[in-house]
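Structure first, commentary second.
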Amino acid sequence: MLFRTASYFVRVKSKSPESEQYLSASNRITGAIVLVIGLLGLVDVVLEWRTATGLLVGSIIAIFMVLAYAGLMRPSVTLSPENLLLRNHLRDHLIPWSKVTGVDVTDILRVHTEANRFRAPGVQLVMRDLRKQRVGGRKLAADNSLSKADFVVNRIETLQGQYSKQSHGDVITRWAAPELIAIGVLAVVAIVAALVR
C-alpha cells in the first residue's frame, strides 16, 4: 500500500502495518524522467549503433542511469517497530531504536547515536523554503519542506520513545552492493569496449 503525506510517500507494508517509508517525491519524479531518457538512449544505441563504440556509449549511459537511481530514487527513511533504516546514496544504516539519541534537520535529516551522526538525504529541505523562513517575508505554503521534515522528525521521536526499550542490537552499515556491482561491471565493459574499438 502507498499513502501520500504532503510531498513524501509513506509506504505501508502489508506484513507490518506499522512500517513507514519516507522519501522525496520530487527526487523520485526527476529520477524516473532521467531513467526514461537514458532508456531511450540505450534503445537507440542497440538499434542503430551495434559496434564497439556503441557498446562504450551504451555502457556510459547505463552507468549514468545507475548513478541517477542511486542519487535520486534510492534515498529513503524507513521506520519499523524493530529499527530505523536510512537508505543513502550508496550505503544503508540499520539503527535499533535503543541507539537513537536524537534527530534533527539542517539541510537534510540527521539521526544521532552516541557514537555517530547519520545523514539521511531521503528527507531534505528545499533551499527556497529555507530562504523564505530566514527572510520571514513571504508566507510558506502549507505543504512546505520544513513542515514535511518536522513531521518525519516527530514520527522518529515518537517511535524512538515507544520502541527503544524493546529494540536492541548494534548499528549495521552496509554498502549498496547491487548498485556498486552494476557500476563496476558497466565500467569494465566500457573499458574493454574502448580498448577494442
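Starting from 1 in every chain, residues are counted up; chains themselves are A, B, ... following the order of the C-alpha cells, and ligands are numbered from 1 as listed.
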
- request: Skip Arg119 of chain A itself and residues of its chain fewer than 3 positions away, then list as a PyMOL selection string all residues within 7 Å of it, counting only C-alpha atoms.
  value: chain A and resi 108-111

query: If you count only C-alpha atoms, which residues fall within 10 Å of segment 28-45 of chain A, apart from same-chain ones fewer than 6 positions away, as a PyMOL selection string?
result: chain A and resi 8-9+51+53-75

- prompt: Any idea what the distance is between atom CA of Leu94 of chain A and atom CA of Glu157 of chain A?
  reply: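 If I compute the distance from atom CA of Leu94 of chain A to atom CA of Glu157 of chain A, I get 16.3 Å.
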
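Our summary of the geometry notes that atom CA of Leu186 of chain A is positioned 25.2 Å from atom CA of Ser76 of chain A.
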
- request: Identify all residues of segment 26-177 of chain A in alpha helix (DSSP H) (DSSP on the backbone) and supply them as a ChimeraX atom specification.
  value: /A:26-48,52-68,127-135,145-163,177

message: List the spatial neighbours of Ala177 of chain A as a ChimeraX atom specification - criterion: any atom at most 12 Å away, only C-alpha atoms, same-chain residues fewer than 5 positions off excluded.
response: /A:70,89-92,182-185

Given the selection you just returned, output its residues as a file containing all heavy atoms, formatted as a PDB file, in the first residue's frame.
ATOM      1  N   ALA A  70      20.728   5.786  -7.896  1.00  0.00           N
ATOM      2  CA  ALA A  70      21.330   5.843  -6.559  1.00  0.00           C
ATOM      3  C   ALA A  70      21.213   7.239  -5.952  1.00  0.00           C
ATOM      4  O   ALA A  70      20.979   7.380  -4.750  1.00  0.00           O
ATOM      5  CB  ALA A  70      22.795   5.418  -6.625  1.00  0.00           C
ATOM      6  N   HIS A  89      22.704   7.254  -0.578  1.00  0.00           N
ATOM      7  CA  HIS A  89      23.022   7.030  -1.985  1.00  0.00           C
ATOM      8  C   HIS A  89      23.700   5.688  -2.221  1.00  0.00           C
ATOM      9  O   HIS A  89      23.291   4.934  -3.099  1.00  0.00           O
ATOM     10  CB  HIS A  89      23.894   8.167  -2.516  1.00  0.00           C
ATOM     11  CG  HIS A  89      23.272   9.517  -2.344  1.00  0.00           C
ATOM     12  ND1 HIS A  89      22.076   9.852  -2.932  1.00  0.00           N
ATOM     13  CD2 HIS A  89      23.662  10.592  -1.633  1.00  0.00           C
ATOM     14  CE1 HIS A  89      21.760  11.097  -2.598  1.00  0.00           C
ATOM     15  NE2 HIS A  89      22.700  11.560  -1.807  1.00  0.00           N
ATOM     16  N   LEU A  90      24.715   5.380  -1.436  1.00  0.00           N
ATOM     17  CA  LEU A  90      25.451   4.140  -1.653  1.00  0.00           C
ATOM     18  C   LEU A  90      25.623   3.295  -0.392  1.00  0.00           C
ATOM     19  O   LEU A  90      26.334   2.300  -0.406  1.00  0.00           O
ATOM     20  CB  LEU A  90      26.835   4.435  -2.249  1.00  0.00           C
ATOM     21  CG  LEU A  90      26.811   5.019  -3.666  1.00  0.00           C
ATOM     22  CD1 LEU A  90      28.215   5.376  -4.121  1.00  0.00           C
ATOM     23  CD2 LEU A  90      26.173   4.053  -4.651  1.00  0.00           C
ATOM     24  N   ARG A  91      24.981   3.690   0.721  1.00  0.00           N
ATOM     25  CA  ARG A  91      25.076   2.908   1.956  1.00  0.00           C
ATOM     26  C   ARG A  91      23.733   2.874   2.661  1.00  0.00           C
ATOM     27  O   ARG A  91      22.916   3.776   2.525  1.00  0.00           O
ATOM     28  CB  ARG A  91      26.110   3.516   2.909  1.00  0.00           C
ATOM     29  CG  ARG A  91      27.521   3.238   2.484  1.00  0.00           C
ATOM     30  CD  ARG A  91      28.494   3.538   3.566  1.00  0.00           C
ATOM     31  NE  ARG A  91      28.511   4.957   3.884  1.00  0.00           N
ATOM     32  CZ  ARG A  91      29.296   5.501   4.780  1.00  0.00           C
ATOM     33  NH1 ARG A  91      30.118   4.765   5.473  1.00  0.00           N
ATOM     34  NH2 ARG A  91      29.259   6.780   5.017  1.00  0.00           N
ATOM     35  N   ASP A  92      23.541   1.804   3.438  1.00  0.00           N
ATOM     36  CA  ASP A  92      22.358   1.660   4.291  1.00  0.00           C
ATOM     37  C   ASP A  92      22.823   1.637   5.738  1.00  0.00           C
ATOM     38  O   ASP A  92      23.839   1.018   6.057  1.00  0.00           O
ATOM     39  CB  ASP A  92      21.625   0.343   3.998  1.00  0.00           C
ATOM     40  CG  ASP A  92      21.033   0.301   2.603  1.00  0.00           C
ATOM     41  OD1 ASP A  92      20.845   1.370   2.006  1.00  0.00           O
ATOM     42  OD2 ASP A  92      20.767  -0.813   2.119  1.00  0.00           O
ATOM     43  N   ALA A 182      26.834  -3.156 -10.293  1.00  0.00           N
ATOM     44  CA  ALA A 182      26.391  -2.740 -11.627  1.00  0.00           C
ATOM     45  C   ALA A 182      27.329  -1.687 -12.210  1.00  0.00           C
ATOM     46  O   ALA A 182      27.720  -1.773 -13.387  1.00  0.00           O
ATOM     47  CB  ALA A 182      24.961  -2.212 -11.569  1.00  0.00           C
ATOM     48  N   ILE A 183      27.719  -0.704 -11.401  1.00  0.00           N
ATOM     49  CA  ILE A 183      28.635   0.332 -11.880  1.00  0.00           C
ATOM     50  C   ILE A 183      29.983  -0.289 -12.251  1.00  0.00           C
ATOM     51  O   ILE A 183      30.573   0.037 -13.284  1.00  0.00           O
ATOM     52  CB  ILE A 183      28.801   1.444 -10.822  1.00  0.00           C
ATOM     53  CG1 ILE A 183      27.505   2.244 -10.696  1.00  0.00           C
ATOM     54  CG2 ILE A 183      29.962   2.370 -11.175  1.00  0.00           C
ATOM     55  CD1 ILE A 183      27.477   3.206  -9.533  1.00  0.00           C
ATOM     56  N   GLY A 184      30.482  -1.207 -11.410  1.00  0.00           N
ATOM     57  CA  GLY A 184      31.763  -1.853 -11.697  1.00  0.00           C
ATOM     58  C   GLY A 184      31.734  -2.665 -12.983  1.00  0.00           C
ATOM     59  O   GLY A 184      32.650  -2.567 -13.813  1.00  0.00           O
ATOM     60  N   VAL A 185      30.679  -3.462 -13.165  1.00  0.00           N
ATOM     61  CA  VAL A 185      30.566  -4.287 -14.371  1.00  0.00           C
ATOM     62  C   VAL A 185      30.460  -3.400 -15.609  1.00  0.00           C
ATOM     63  O   VAL A 185      31.137  -3.638 -16.628  1.00  0.00           O
ATOM     64  CB  VAL A 185      29.352  -5.241 -14.274  1.00  0.00           C
ATOM     65  CG1 VAL A 185      29.043  -5.883 -15.617  1.00  0.00           C
ATOM     66  CG2 VAL A 185      29.599  -6.295 -13.213  1.00  0.00           C
TER      67      VAL A 185
END

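The gap separating atom CA of Thr158 of chain A from atom CA of Asp107 of chain A is 21.6 Å, in Å to one decimal.
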
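In this comparison, which uses only C-alpha atoms, the residue of A:Asp104, A:Asp150, A:Glu20, A:Glu82 approaching Ala120 of chain A most closely is A:Asp104.
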
Shortest interatomic distance to Val123 of chain A - which of A:Ser98, A:Ser147, A:Ser167, A:Ser80, counting only C-alpha atoms: A:Ser147

Given only C-alpha atoms as the counted atoms, nearest of A:Trp175, A:Phe151, A:Tyr22, A:Tyr163 to Val77 of chain A: A:Tyr22

- prompt: Counting only C-alpha atoms, which of A:Ser24, A:Thr113, A:Asn88, A:Thr106 gets nearest to Gln160 of chain A?
  reply: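 The closest residue to Gln160 of chain A is A:Thr113.
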
task: Give the answer as one residue: which of A:Ala194, A:Val152, A:Val188, A:Val171 has the shortest atom-to-atom distance to Val100 of chain A, using only C-alpha atoms?
output: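 Of all the options, A:Val171 lies closest to Val100 of chain A.
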